[in-house]
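Colleague: Just dropping this structure here.
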Amino acid sequence: MNQNRRTIVEPLLRFSKRVVEADGEGMALAVYRLLSDLQAAEHLKALAGRLAANGRTELAERQLRLWDILMAILDQSALVLKGCCLQYTRYAELLRFGDPSE
């Protein structure tokens, strides 16, 4: 259980240090690095594979498309917010505005 906790907590601690004084570009990079540290892409691909193997191909494809959308949002926010000083709470709000489910 401690190993599982370290697997999650250590990347979150690194993330929190990265966003404290980051500009918009740094925020996007911090989110990307957190997802990378947690191996989110690999886990998502494995989930999509299991979904497809169970006949849920459309849901599997949707999950992968959402990942692509998230990466595009991070790229665009890095470009648009480069040099902008904003708090991480504001950046989180901006990411939620990009959520197609809301």
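Chain lettering (A, B, ...) mirrors the order of the structure tokens, residue numbering begins at 1 for each chain separately, and ligand numbering begins at 1 in order of display.
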I'd like a table as JSON lines: residues in stretch 9-43 of chain A with an atom no more than 7 Å from stretch 63-83 of chain A, each row giving the shortest atom pair and its distance in Å to one decimal, only C-alpha atoms counted, sorted by chain and rising residue number.

Modeller:
{"residue": "A:Asp23", "atom": "CA", "partner": "A:Gly83", "partner_atom": "CA", "distance": 5.5}
{"residue": "A:Gly24", "atom": "CA", "partner": "A:Leu81", "partner_atom": "CA", "distance": 4.4}
{"residue": "A:Glu25", "atom": "CA", "partner": "A:Ala78", "partner_atom": "CA", "distance": 3.9}
{"residue": "A:Ala28", "atom": "CA", "partner": "A:Leu74", "partner_atom": "CA", "distance": 5.3}

Colleague: Among the residues of stretch 23-102 of chain A, find those DSSP assigns to helix (DSSP H, G or I) from the backbone and print them as number ranges by chain.

Modeller: A: 24-37, 40-53, 57-80, 88-97

Colleague: So how far away is atom CA of A:Ala41 from atom CA of A:Ala60, in Å?

Modeller: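 For atom CA of A:Ala60 relative to atom CA of A:Ala41, the distance reads 13.1 Å.
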
Colleague: Which residue is closest to A:Ala30? Choose from A:Met1, A:Leu59, A:Leu12, A:Cys85 and count only C-alpha atoms.

Modeller: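 The answer is A:Leu12, which sits nearest to A:Ala30.
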
Colleague: Residues within 9 Å of A:Leu34, please, as a list in words. Count only C-alpha atoms; anything in the same chain fewer than 6 positions from it doesn't count.

Modeller: Pro11, Leu12, Arg14, Phe15 and Ala40 of chain A

Colleague: Take the residues from that selection and write them out as an mmCIF file, in the first residue's frame, keeping C-alpha atoms.

Modeller:
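Written out: result-v2.cif:
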data_model
loop_
_atom_site.group_PDB
_atom_site.id
_atom_site.type_symbol
_atom_site.label_atom_id
_atom_site.label_comp_id
_atom_site.auth_asym_id
_atom_site.auth_seq_id
_atom_site.Cartn_x
_atom_site.Cartn_y
_atom_site.Cartn_z
ATOM 1 C CA PRO A 11 4.028 13.050 -8.682
ATOM 2 C CA LEU A 12 1.420 15.233 -6.964
ATOM 3 C CA ARG A 14 6.231 17.550 -7.802
ATOM 4 C CA PHE A 15 3.163 18.994 -9.544
ATOM 5 C CA ALA A 40 -1.928 8.375 -17.842
#

Colleague: Can you tell me how far atom CA of A:Leu38 sits from atom CA of A:Ser16, in Å to one decimal?

Modeller: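 Atom-to-atom, atom CA of A:Leu38 and atom CA of A:Ser16 are spaced 14.2 Å apart.
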